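Next comes protein_4.txt, with compact mmCIF, C-alpha atoms and all ligand atoms.
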# COMPACT_ATOMS: atom_id res chain seq x y z
CA MET I 16 -16.39 2.39 -11.75
CA LYS I 17 -13.14 0.76 -10.81
CA LYS I 18 -11.23 3.75 -12.19
CA LEU I 19 -13.11 6.08 -9.90
CA LEU I 20 -12.17 3.93 -6.94
CA ILE I 21 -8.52 4.01 -7.93
CA ILE I 22 -8.53 7.77 -8.29
CA THR I 23 -10.20 8.14 -4.91
CA ALA I 24 -7.62 5.88 -3.36
CA LEU I 25 -4.76 7.69 -5.06
CA VAL I 26 -5.86 10.99 -3.58
CA GLY I 27 -6.08 9.48 -0.13
CA PHE I 28 -2.92 7.51 -0.58
CA THR I 29 -0.97 10.57 -1.68
CA ALA I 30 -1.93 12.37 1.51
CA VAL I 31 -0.79 9.40 3.55
CA GLY I 32 2.34 9.13 1.42
CA PHE I 33 3.53 12.55 2.48
CA GLU I 34 3.22 11.55 6.10
CA SER I 35 5.16 8.34 5.65
CA CYS I 36 7.76 9.41 3.10
CA SER I 37 10.45 8.90 5.72
CA GLU I 38 9.80 5.22 5.08
CA GLY I 39 13.45 4.24 4.70
CA ALA I 40 14.57 5.87 7.92
CA SER I 41 11.85 4.96 10.36
CA SER I 42 10.50 1.65 9.09
CA SER I 43 13.65 -0.17 10.15
CA GLU I 44 12.42 0.08 13.72
CA GLN I 45 9.20 -1.68 12.90
CA THR I 46 8.80 -5.32 12.17
CA VAL I 47 6.80 -5.50 9.00
CA GLU I 48 6.09 -8.96 7.76
CA SER I 49 3.37 -8.52 5.23
CA TYR I 50 2.27 -6.19 2.51
CA ALA I 51 -1.12 -5.60 0.98
CA CYS I 52 -2.64 -3.54 -1.77
CA PRO I 53 -3.92 -0.21 -0.44
CA MET I 54 -6.97 -0.75 -2.61
CA LYS I 55 -7.64 -4.13 -1.04
CA CYS I 56 -8.07 -5.61 -4.51
CA GLU I 57 -7.47 -9.02 -3.05
CA GLY I 58 -9.40 -8.45 0.13
CA ASP I 59 -7.42 -9.28 3.23
CA LYS I 60 -4.81 -11.22 1.30
CA THR I 61 -1.26 -10.16 2.11
CA HIS I 62 2.12 -10.74 0.50
CA SER I 63 5.33 -11.56 2.31
CA GLU I 64 7.42 -9.38 0.04
CA LYS I 65 7.17 -5.86 -1.26
CA GLY I 66 5.92 -5.41 -4.78
CA ASN I 67 3.04 -4.20 -6.82
CA CYS I 68 -0.54 -5.32 -6.77
CA SER I 69 -1.23 -7.82 -9.52
CA VAL I 70 -4.71 -6.37 -9.97
CA CYS I 71 -4.28 -2.58 -10.01
CA GLY I 72 -0.49 -2.26 -10.10
CA MET I 73 -0.22 -0.05 -7.06
CA GLU I 74 2.69 -0.50 -4.69
CA LEU I 75 1.89 -2.81 -1.83
CA THR I 76 1.88 -1.19 1.55
CA ALA I 77 3.06 -2.65 4.83
CA VAL I 78 0.51 -4.24 7.08
CA GLU I 79 1.17 -4.05 10.80
ZN ZN T 1 -4.63 -3.53 -6.05
Would you put the structure from the file into structure tokens?
Ligand SMILES: [Zn+2]
Amino acid sequence: MKKLLIITALVGFTAVGFESCSEGASSSEQTVESYACPMKCEGDKTHSEKGNCSVCGMELTAVE
């Protein structure tokens, strides 16, 4: 069940990833202070540094 959720998220996340692949160039204009798992494995919990989700291993995404 969890695998299906991850696959579903990966498909959606890939689509979003193409849109935001200019991450390095444009994100410097934004103030991003927290990161969270795109799968929301830990609910609304956020991390102050970039990294990977401790639950599913996906890269944490910036939360505005
Ligand atoms: Zn996760």
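Restricting the calculation to only C-alpha atoms and all ligand atoms, the smallest distance between ligand ZN 1 (chain T) and any of I:Gly58, I:Gly66, I:Gly72, I:Gly27 is found for I:Gly72.
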With all atoms listed in the file counted, collect every polymer residue having an atom within 6 Å of ligand ZN 1 (chain T); state the result as a ChimeraX atom specification. /I:52,54-56,68,70-73
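For the pair atom CA of Leu19 of chain I and atom CA of Leu75 of chain I, the interatomic distance is 19.2 Å.
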Long-range neighbours of Ser63 of chain I as a ChimeraX atom specification, 8 Å cut-off, all atoms listed in the file, 6 positions minimum in chain: /I:48-50
Keeping C-alpha atoms, export the residues of the selection given above as a compact mmCIF listing (two decimals), in the coordinates of the input.
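This is the output file part11.txt:
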# COMPACT_ATOMS: atom_id res chain seq x y z
CA GLU I 48 6.09 -8.96 7.76
CA SER I 49 3.37 -8.52 5.23
CA TYR I 50 2.27 -6.19 2.51
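Going from atom CA of Asn67 of chain I to atom CA of Thr29 of chain I covers 16.1 Å.
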Figure out the distance between atom CA of Lys60 of chain I and atom CA of Val26 of chain I, please, to one decimal in Å.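 Atom CA of Lys60 of chain I lies at a distance of 22.8 Å from atom CA of Val26 of chain I.
Considering only C-alpha atoms, the residue among I:Glu74, I:Pro53, I:Ser69, I:Glu79 positioned nearest to Ala24 of chain I is I:Pro53.
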